[in-house]
$ cat my_file-v3.cif   # mmCIF, C-alpha atoms
data_my_file
#
loop_
_atom_site.label_atom_id
_atom_site.label_comp_id
_atom_site.auth_asym_id
_atom_site.auth_seq_id
_atom_site.Cartn_x
_atom_site.Cartn_y
_atom_site.Cartn_z
CA MET A 1 126.14 104.59 99.84
CA PHE A 2 125.45 101.30 98.09
CA TYR A 3 123.60 99.92 101.11
CA SER A 4 120.67 102.28 100.52
CA LEU A 5 120.13 101.17 96.94
CA GLU A 6 116.79 99.48 96.37
CA LYS A 7 116.40 96.26 94.46
CA SER A 8 114.43 98.16 91.80
CA PHE A 9 117.63 100.00 90.91
CA PHE A 10 119.26 96.77 89.77
CA SER A 11 116.37 95.96 87.45
CA CYS A 12 117.63 98.67 85.09
CA LEU A 13 121.09 97.13 84.97
CA ASN A 14 122.09 94.49 82.49
CA SER A 15 124.90 91.97 82.58
CA GLU A 16 127.05 94.11 80.29
CA ILE A 17 126.98 97.07 82.73
CA LEU A 18 127.69 94.82 85.69
CA GLY A 19 130.44 93.11 83.75
CA ASN A 20 132.10 96.46 83.09
CA ILE A 21 131.95 97.30 86.80
CA LEU A 22 133.31 93.93 87.88
CA GLY A 23 135.80 93.75 85.05
CA LYS A 24 134.54 90.45 83.70
CA GLU A 25 132.02 89.10 81.23
CA ILE A 26 128.91 87.66 82.87
CA LYS A 27 125.36 86.87 81.84
CA VAL A 28 122.88 86.74 84.70
CA ASN A 29 119.27 87.64 85.49
CA ASN A 30 118.22 90.58 87.67
CA ASN A 31 118.08 88.58 90.91
CA GLU A 32 121.61 87.37 90.35
CA LEU A 33 122.68 90.94 89.58
CA TYR A 34 121.24 92.06 92.89
CA ASN A 35 122.95 89.26 94.81
CA GLU A 36 126.22 89.98 93.01
CA PHE A 37 126.10 93.59 94.18
CA LEU A 38 125.22 92.53 97.74
CA ASN A 39 128.26 90.25 97.79
CA LEU A 40 130.42 92.96 96.27
CA PHE A 41 129.58 95.61 98.86
CA SER A 42 128.83 93.46 101.94
CA MET A 43 131.03 93.94 105.01
CA LEU A 44 132.48 91.86 107.82
CA ILE A 45 131.64 93.82 110.98
CA GLY A 46 133.21 92.77 114.27
CA TYR A 47 131.80 93.11 117.77
CA ALA A 48 133.94 92.94 120.92
CA ARG A 49 132.96 93.29 124.57
CA VAL A 50 134.89 93.65 127.82
CA SER A 51 133.28 93.87 131.25
CA THR A 52 135.11 96.90 132.68
CA ASP A 53 137.14 99.87 131.52
CA ASP A 54 140.23 98.23 133.05
CA GLN A 55 140.02 95.23 130.74
CA LYS A 56 141.58 95.38 127.30
CA SER A 57 139.85 94.36 124.10
CA ASP A 58 143.12 93.98 122.16
CA LEU A 59 142.92 90.17 121.95
CA GLN A 60 139.41 90.28 120.52
CA GLU A 61 140.14 93.16 118.16
CA ASP A 62 143.29 91.50 116.80
CA ALA A 63 141.37 88.29 116.08
CA LEU A 64 138.55 90.22 114.40
CA LYS A 65 140.98 92.18 112.24
CA ALA A 66 142.76 88.97 111.25
CA ALA A 67 139.36 87.56 110.21
CA GLY A 68 138.96 90.49 107.80
CA CYS A 69 136.59 92.76 109.75
CA GLU A 70 136.52 96.22 108.19
CA LYS A 71 134.81 97.83 111.17
CA ILE A 72 134.83 96.80 114.84
CA ILE A 73 132.39 97.95 117.55
CA VAL A 74 133.66 97.66 121.14
CA ASP A 75 131.41 97.62 124.22
CA LYS A 76 132.85 98.17 127.69
CA VAL A 77 130.01 96.89 129.82
CA SER A 78 129.06 93.79 131.81
CA GLY A 79 127.21 91.13 129.84
CA VAL A 80 124.39 91.07 132.42
CA LYS A 81 123.42 94.66 131.62
CA THR A 82 120.53 94.97 129.19
CA GLU A 83 121.64 98.33 127.77
CA ARG A 84 124.64 97.96 125.48
CA LEU A 85 125.30 100.94 123.23
CA GLY A 86 127.52 98.90 120.95
CA LEU A 87 124.67 96.53 120.08
CA THR A 88 122.42 99.50 119.36
CA GLN A 89 125.09 100.85 117.04
CA LEU A 90 125.34 97.43 115.37
CA SER A 91 121.59 97.39 114.73
CA GLU A 92 121.93 100.68 112.85
CA LEU A 93 125.10 99.68 111.01
CA LEU A 94 124.36 96.17 109.74
CA ARG A 95 122.87 95.83 106.27
CA LYS A 96 121.58 92.96 104.18
CA GLY A 97 124.43 90.71 103.09
CA ASP A 98 126.78 91.73 105.92
CA THR A 99 128.33 89.30 108.41
CA LEU A 100 128.58 89.99 112.14
CA VAL A 101 131.76 88.46 113.58
CA VAL A 102 132.55 87.88 117.27
CA TRP A 103 135.61 86.40 118.93
CA ARG A 104 133.54 84.10 121.14
CA LEU A 105 129.80 83.41 121.53
CA ASP A 106 129.59 84.84 125.07
CA ARG A 107 130.74 88.23 123.75
CA LEU A 108 127.37 88.71 122.03
CA GLY A 109 124.78 86.99 124.23
CA ARG A 110 124.24 87.24 127.99
CA SER A 111 122.69 83.77 127.91
CA LEU A 112 121.87 81.02 125.44
CA LYS A 113 118.36 82.46 125.05
CA ASP A 114 119.73 85.95 124.39
CA LEU A 115 122.27 84.62 121.91
CA ILE A 116 119.63 82.71 119.94
CA GLU A 117 117.37 85.77 119.87
CA TRP A 118 120.22 87.80 118.40
CA VAL A 119 121.01 85.22 115.73
CA ASN A 120 117.32 85.00 114.78
CA ARG A 121 117.23 88.80 114.54
CA LEU A 122 120.26 88.76 112.25
CA GLU A 123 118.62 86.11 110.10
CA GLN A 124 115.56 88.34 109.68
CA TRP A 125 117.86 91.13 108.51
CA ASP A 126 119.61 88.74 106.07
CA VAL A 127 122.81 89.20 108.05
CA SER A 128 125.12 86.23 108.68
CA PHE A 129 126.80 85.45 112.01
CA ARG A 130 130.27 84.06 112.67
CA SER A 131 132.03 83.11 115.92
CA LEU A 132 135.78 82.60 115.59
CA GLU A 133 136.59 80.48 118.66
CA GLU A 134 133.73 78.03 118.13
CA SER A 135 134.16 77.98 114.32
CA ILE A 136 130.47 78.67 113.79
CA ASP A 137 129.35 80.38 110.59
CA THR A 138 125.64 80.66 109.73
CA ARG A 139 126.55 81.11 106.06
CA SER A 140 127.06 77.34 106.05
CA SER A 141 124.41 74.66 106.54
CA SER A 142 126.26 73.19 109.51
CA GLY A 143 126.39 76.60 111.23
CA LYS A 144 122.63 77.05 110.86
CA LEU A 145 122.06 73.52 112.14
CA ILE A 146 124.06 74.23 115.31
CA PHE A 147 121.85 77.19 116.18
CA HIS A 148 118.69 75.19 115.53
CA ILE A 149 120.03 72.65 118.03
CA PHE A 150 120.85 75.45 120.51
CA GLY A 151 117.30 76.75 120.15
CA ALA A 152 115.83 73.31 120.82
CA LEU A 153 118.03 72.91 123.93
CA ALA A 154 117.03 76.34 125.23
CA GLU A 155 113.33 75.50 124.82
CA PHE A 156 113.90 72.14 126.54
CA GLU A 157 115.59 73.91 129.48
CA ARG A 158 112.70 76.40 129.82
CA ASN A 159 110.16 73.57 129.87
CA LEU A 160 112.18 71.70 132.52
CA ILE A 161 112.22 74.79 134.76
CA LYS A 162 108.43 75.23 134.35
CA ASP A 163 107.80 71.56 135.16
CA ARG A 164 110.02 71.69 138.27
CA THR A 165 108.31 74.87 139.48
CA ARG A 166 104.84 73.36 139.04
CA ALA A 167 105.89 70.14 140.78
CA GLY A 168 107.41 72.12 143.69
CA LEU A 169 104.26 74.22 144.15
CA ALA A 170 102.03 71.14 143.96
CA ALA A 171 104.15 69.36 146.61
CA ALA A 172 104.05 72.47 148.84
CA ARG A 173 100.25 72.73 148.51
CA ALA A 174 99.94 69.05 149.39
CA ARG A 175 101.79 69.82 152.65
CA GLY A 176 99.46 72.75 153.34
CA ARG A 177 101.87 75.46 152.22
CA LYS A 178 101.32 78.14 149.62
CA GLY A 179 103.87 79.50 147.20
CA GLY A 180 105.28 83.02 147.42
CA ARG A 181 107.19 84.99 150.01
CA PRO A 182 106.51 84.48 153.70
CA LYS A 183 104.65 87.29 155.46
CA SER A 184 107.11 89.90 156.68
CA LEU A 185 105.01 91.00 159.72
CA ASP A 186 103.26 89.01 162.40
CA THR A 187 99.46 89.02 162.78
CA ASN A 188 99.27 91.93 165.25
CA LYS A 189 101.52 94.17 163.16
CA ARG A 190 99.59 93.33 160.00
CA GLN A 191 96.35 94.24 161.74
CA LEU A 192 97.84 97.53 162.93
CA THR A 193 99.05 98.27 159.41
CA VAL A 194 95.56 97.73 157.99
CA GLU A 195 94.01 99.93 160.70
CA LEU A 196 96.43 102.76 159.94
CA TYR A 197 95.54 102.45 156.26
CA GLN A 198 91.80 102.44 156.90
CA GLU A 199 91.97 105.46 159.25
CA LYS A 200 93.42 107.47 156.36
CA LYS A 201 95.24 109.81 158.76
CA LEU A 202 98.73 108.99 157.53
CA PRO A 203 100.07 108.92 153.98
CA ILE A 204 100.68 105.46 152.58
CA LYS A 205 104.38 106.23 152.24
CA THR A 206 104.59 107.06 155.96
CA ILE A 207 102.79 103.85 156.96
CA CYS A 208 105.22 101.83 154.85
CA GLU A 209 108.21 103.57 156.45
CA ILE A 210 106.85 103.02 159.99
CA MET A 211 106.18 99.31 159.38
CA ASN A 212 109.25 98.85 157.15
CA ILE A 213 107.26 97.32 154.29
CA SER A 214 106.71 98.12 150.61
CA LYS A 215 103.52 99.50 149.06
CA PRO A 216 102.66 96.18 147.34
CA THR A 217 102.98 94.43 150.74
CA LEU A 218 100.68 97.00 152.37
CA TYR A 219 98.07 96.55 149.66
CA ALA A 220 98.36 92.77 150.03
CA TYR A 221 97.62 93.06 153.79
CA VAL A 222 94.60 95.28 153.10
CA LYS A 223 93.33 92.84 150.46
CA ASP A 224 93.68 89.88 152.84
CA ALA A 225 91.85 91.78 155.58
CA ASN A 226 89.00 92.71 153.23
CA GLU A 227 88.66 89.11 152.04
CA LYS A 228 88.45 87.88 155.65
CA VAL A 229 85.73 90.45 156.42
CA SER A 230 83.80 89.38 153.32
CA LYS A 231 83.97 85.71 154.37
CA ILE A 232 82.70 86.56 157.86
CA ASP A 233 79.83 88.64 156.42
CA THR A 234 78.90 85.74 154.14
CA MET A 235 78.84 83.31 157.06
CA LEU A 236 76.66 85.65 159.16
CA THR A 237 74.20 86.40 156.38
CA PRO A 238 71.05 84.26 156.90
#
$ encode --input "my_file-v3.cif" --output "structure tokens"
Amino acid sequence: MFYSLEKSFFSCLNSEILGNILGKEIKVNNNELYNEFLNLFSMLIGYARVSTDDQKSDLQEDALKAAGCEKIIVDKVSGVKTERLGLTQLSELLRKGDTLVVWRLDRLGRSLKDLIEWVNRLEQWDVSFRSLEESIDTRSSSGKLIFHIFGALAEFERNLIKDRTRAGLAAARARGRKGGRPKSLDTNKRQLTVELYQEKKLPIKTICEIMNISKPTLYAYVKDANEKVSKIDTMLTP
């Protein structure tokens, strides 16, 4: 109930009212009142994940309970799957001032990039993140610093992959090769495929099944054939 309260609500409170609620005498401004209430009603919410139904999440859940988590969401799904209902539930459950707790970093993110994206998302929601095994807590300066370093390493890795890909393509072009998949059909079969397409007597799906190719491959053959015809026409035009 308290999560839905707007900050404007706290502007009508004074330190005497808050002091009565908290059972102590305090004198603070409205911003401090708001933060005091956030701290008072914030939650530690745990997230656990196992890859299959056969695996048990007891170890993770016990650790999360020992860390003080009041609610624990459990996903039973492989980390490589994009759709994880537990994470969707977390997105709806987490509120400003809460802390998301995991047993280990790989329980939350499928990769370093995915993990960093999640932590950045939590930061935008004003939600802290804590990993028990790695002793990382973004409520501390050192915890935030670690994730900034992770982010820099992830960006460095992406740039390395791009540079290697460009260098590989450049070397292949220098040897007279082009990037991409090799042609799946020889010249005669490609020509026959294009002719069947141009005759328009068979559905495209049937042509693909006969030649054992995909629609994108068929369209690529037709495009190549049209480009060759255009080059020949250009050469013959006086």
$ resolve_selection --input "my_file-v3.cif" --expression "the PyMOL selection byres ((chain A and resi 195) around 12)" --output "number ranges by chain"
A: 188-194, 196-202, 204, 207, 218, 221-222, 225-226
$ atom_distance --input "my_file-v3.cif" --atom1 "CA of Asp224 (chain A)" --atom2 "CA of Ala174 (chain A)"
22.0 Å
$ atom_distance --input "my_file-v3.cif" --atom1 "CA of Met43 (chain A)" --atom2 "CA of Asp98 (chain A)"
4.9 Å
$ residues_around --input "my_file-v3.cif" --residues "Leu90 (chain A)" --least-positions-apart "5" --cutoff "10 Å" --atoms "all atoms listed in the file" --output "ChimeraX atom specification"
/A:45-47,72-73,85,95,100
$ write_last_selection --input "my_file-v3.cif" --atoms "C-alpha atoms" --output "PDB file, in the coordinates of the input"
ATOM      1  CA  ILE A  45     131.640  93.820 110.980  1.00  0.00           C
ATOM      2  CA  GLY A  46     133.210  92.770 114.270  1.00  0.00           C
ATOM      3  CA  TYR A  47     131.800  93.110 117.770  1.00  0.00           C
ATOM      4  CA  ILE A  72     134.830  96.800 114.840  1.00  0.00           C
ATOM      5  CA  ILE A  73     132.390  97.950 117.550  1.00  0.00           C
ATOM      6  CA  LEU A  85     125.300 100.940 123.230  1.00  0.00           C
ATOM      7  CA  ARG A  95     122.870  95.830 106.270  1.00  0.00           C
ATOM      8  CA  LEU A 100     128.580  89.990 112.140  1.00  0.00           C
TER       9      LEU A 100
END
$ axis_aligned_box --input "my_file-v3.cif" --around "region 64-69 of chain A" --padding-each-side "5 Å" --output "AutoDock Vina command-line options"
--center_x 139.7 --center_y 90.2 --center_z 111.1 --size_x 16.2 --size_y 15.2 --size_z 16.6
$ residues_around --input "my_file-v3.cif" --residues "Ala154 (chain A)" --least-positions-apart "4" --cutoff "9 Å" --atoms "all atoms listed in the file" --output "PDB file with C-alpha atoms, keeping the file's coordinate frame"
ATOM      1  CA  LEU A 112     121.870  81.020 125.440  1.00  0.00           C
ATOM      2  CA  LYS A 113     118.360  82.460 125.050  1.00  0.00           C
ATOM      3  CA  ILE A 116     119.630  82.710 119.940  1.00  0.00           C
ATOM      4  CA  ILE A 149     120.030  72.650 118.030  1.00  0.00           C
ATOM      5  CA  PHE A 150     120.850  75.450 120.510  1.00  0.00           C
ATOM      6  CA  ARG A 158     112.700  76.400 129.820  1.00  0.00           C
ATOM      7  CA  ASN A 159     110.160  73.570 129.870  1.00  0.00           C
TER       8      ASN A 159
END
$ resolve_selection --input "my_file-v3.cif" --expression "the PyMOL selection byres ((chain A and resi 123) around 12)" --output "list in words"
Leu94, Arg95, Lys96, Gly97, Asp98, Thr99, Leu100, Ile116, Glu117, Trp118, Val119, Asn120, Arg121, Leu122, Gln124, Trp125, Asp126, Val127, Ser128, Phe129, Thr138, Arg139, Lys144 and Phe147 of chain A
$ atom_distance --input "my_file-v3.cif" --atom1 "CA of Asp106 (chain A)" --atom2 "CA of Glu70 (chain A)"
21.5 Å
$ resolve_selection --input "my_file-v3.cif" --expression "the PyMOL selection byres ((chain A and resi 59) around 12)" --output "PyMOL selection string"
chain A and resi 48-50+55-58+60-66+74+102-104
$ decode --input "my_file-v3.cif" --residues "region 83-104 of chain A" --atoms "N, CA, C and O atoms" --output "PDB file, in the first residue's frame"
ATOM      1  N   GLU A  83      12.664 -15.248 -22.684  1.00  0.00           N
ATOM      2  CA  GLU A  83      11.439 -15.126 -21.901  1.00  0.00           C
ATOM      3  C   GLU A  83      11.607 -15.772 -20.535  1.00  0.00           C
ATOM      4  O   GLU A  83      11.779 -16.986 -20.431  1.00  0.00           O
ATOM      5  N   ARG A  84      11.569 -14.952 -19.500  1.00  0.00           N
ATOM      6  CA  ARG A  84      11.636 -15.469 -18.136  1.00  0.00           C
ATOM      7  C   ARG A  84      10.547 -14.785 -17.327  1.00  0.00           C
ATOM      8  O   ARG A  84      10.618 -13.598 -17.033  1.00  0.00           O
ATOM      9  N   LEU A  85       9.515 -15.559 -16.986  1.00  0.00           N
ATOM     10  CA  LEU A  85       8.340 -15.005 -16.322  1.00  0.00           C
ATOM     11  C   LEU A  85       8.690 -14.396 -14.973  1.00  0.00           C
ATOM     12  O   LEU A  85       8.073 -13.416 -14.536  1.00  0.00           O
ATOM     13  N   GLY A  86       9.682 -14.982 -14.302  1.00  0.00           N
ATOM     14  CA  GLY A  86      10.078 -14.458 -13.002  1.00  0.00           C
ATOM     15  C   GLY A  86      10.607 -13.034 -13.093  1.00  0.00           C
ATOM     16  O   GLY A  86      10.318 -12.194 -12.227  1.00  0.00           O
ATOM     17  N   LEU A  87      11.363 -12.745 -14.150  1.00  0.00           N
ATOM     18  CA  LEU A  87      11.900 -11.392 -14.327  1.00  0.00           C
ATOM     19  C   LEU A  87      10.786 -10.407 -14.645  1.00  0.00           C
ATOM     20  O   LEU A  87      10.823  -9.249 -14.215  1.00  0.00           O
ATOM     21  N   THR A  88       9.794 -10.873 -15.408  1.00  0.00           N
ATOM     22  CA  THR A  88       8.633 -10.021 -15.682  1.00  0.00           C
ATOM     23  C   THR A  88       7.896  -9.701 -14.387  1.00  0.00           C
ATOM     24  O   THR A  88       7.483  -8.558 -14.152  1.00  0.00           O
ATOM     25  N   GLN A  89       7.757 -10.700 -13.537  1.00  0.00           N
ATOM     26  CA  GLN A  89       7.113 -10.506 -12.240  1.00  0.00           C
ATOM     27  C   GLN A  89       7.916  -9.542 -11.368  1.00  0.00           C
ATOM     28  O   GLN A  89       7.345  -8.700 -10.664  1.00  0.00           O
ATOM     29  N   LEU A  90       9.255  -9.660 -11.442  1.00  0.00           N
ATOM     30  CA  LEU A  90      10.114  -8.743 -10.685  1.00  0.00           C
ATOM     31  C   LEU A  90       9.903  -7.298 -11.124  1.00  0.00           C
ATOM     32  O   LEU A  90       9.844  -6.383 -10.304  1.00  0.00           O
ATOM     33  N   SER A  91       9.800  -7.095 -12.434  1.00  0.00           N
ATOM     34  CA  SER A  91       9.627  -5.747 -12.978  1.00  0.00           C
ATOM     35  C   SER A  91       8.362  -5.096 -12.427  1.00  0.00           C
ATOM     36  O   SER A  91       8.313  -3.880 -12.232  1.00  0.00           O
ATOM     37  N   GLU A  92       7.329  -5.916 -12.193  1.00  0.00           N
ATOM     38  CA  GLU A  92       6.074  -5.390 -11.674  1.00  0.00           C
ATOM     39  C   GLU A  92       6.113  -5.221 -10.152  1.00  0.00           C
ATOM     40  O   GLU A  92       5.387  -4.396  -9.601  1.00  0.00           O
ATOM     41  N   LEU A  93       6.962  -6.006  -9.497  1.00  0.00           N
ATOM     42  CA  LEU A  93       6.991  -6.027  -8.036  1.00  0.00           C
ATOM     43  C   LEU A  93       7.912  -4.979  -7.429  1.00  0.00           C
ATOM     44  O   LEU A  93       7.590  -4.378  -6.402  1.00  0.00           O
ATOM     45  N   LEU A  94       9.063  -4.749  -8.050  1.00  0.00           N
ATOM     46  CA  LEU A  94      10.068  -3.856  -7.475  1.00  0.00           C
ATOM     47  C   LEU A  94       9.585  -2.411  -7.440  1.00  0.00           C
ATOM     48  O   LEU A  94       8.973  -1.929  -8.399  1.00  0.00           O
ATOM     49  N   ARG A  95       9.881  -1.741  -6.335  1.00  0.00           N
ATOM     50  CA  ARG A  95       9.518  -0.339  -6.168  1.00  0.00           C
ATOM     51  C   ARG A  95      10.753   0.458  -5.728  1.00  0.00           C
ATOM     52  O   ARG A  95      11.748  -0.104  -5.300  1.00  0.00           O
ATOM     53  N   LYS A  96      10.639   1.759  -5.852  1.00  0.00           N
ATOM     54  CA  LYS A  96      11.738   2.644  -5.478  1.00  0.00           C
ATOM     55  C   LYS A  96      12.166   2.379  -4.039  1.00  0.00           C
ATOM     56  O   LYS A  96      11.330   2.287  -3.137  1.00  0.00           O
ATOM     57  N   GLY A  97      13.457   2.226  -3.834  1.00  0.00           N
ATOM     58  CA  GLY A  97      13.997   1.980  -2.510  1.00  0.00           C
ATOM     59  C   GLY A  97      14.223   0.512  -2.199  1.00  0.00           C
ATOM     60  O   GLY A  97      14.906   0.179  -1.228  1.00  0.00           O
ATOM     61  N   ASP A  98      13.651  -0.396  -3.029  1.00  0.00           N
ATOM     62  CA  ASP A  98      13.841  -1.833  -2.803  1.00  0.00           C
ATOM     63  C   ASP A  98      15.251  -2.263  -3.199  1.00  0.00           C
ATOM     64  O   ASP A  98      15.991  -1.518  -3.851  1.00  0.00           O
ATOM     65  N   THR A  99      15.604  -3.491  -2.819  1.00  0.00           N
ATOM     66  CA  THR A  99      16.884  -4.081  -3.208  1.00  0.00           C
ATOM     67  C   THR A  99      16.626  -5.470  -3.790  1.00  0.00           C
ATOM     68  O   THR A  99      15.968  -6.295  -3.154  1.00  0.00           O
ATOM     69  N   LEU A 100      17.109  -5.699  -5.005  1.00  0.00           N
ATOM     70  CA  LEU A 100      17.021  -7.021  -5.617  1.00  0.00           C
ATOM     71  C   LEU A 100      18.258  -7.818  -5.216  1.00  0.00           C
ATOM     72  O   LEU A 100      19.383  -7.364  -5.406  1.00  0.00           O
ATOM     73  N   VAL A 101      18.037  -9.014  -4.677  1.00  0.00           N
ATOM     74  CA  VAL A 101      19.140  -9.842  -4.180  1.00  0.00           C
ATOM     75  C   VAL A 101      19.179 -11.152  -4.961  1.00  0.00           C
ATOM     76  O   VAL A 101      18.143 -11.793  -5.163  1.00  0.00           O
ATOM     77  N   VAL A 102      20.357 -11.543  -5.424  1.00  0.00           N
ATOM     78  CA  VAL A 102      20.550 -12.838  -6.084  1.00  0.00           C
ATOM     79  C   VAL A 102      21.657 -13.598  -5.369  1.00  0.00           C
ATOM     80  O   VAL A 102      22.507 -13.007  -4.711  1.00  0.00           O
ATOM     81  N   TRP A 103      21.625 -14.900  -5.504  1.00  0.00           N
ATOM     82  CA  TRP A 103      22.653 -15.741  -4.889  1.00  0.00           C
ATOM     83  C   TRP A 103      23.987 -15.569  -5.593  1.00  0.00           C
ATOM     84  O   TRP A 103      25.037 -15.467  -4.970  1.00  0.00           O
ATOM     85  N   ARG A 104      23.926 -15.514  -6.945  1.00  0.00           N
ATOM     86  CA  ARG A 104      25.138 -15.370  -7.748  1.00  0.00           C
ATOM     87  C   ARG A 104      24.789 -14.560  -8.998  1.00  0.00           C
ATOM     88  O   ARG A 104      23.649 -14.570  -9.458  1.00  0.00           O
TER      89      ARG A 104
END
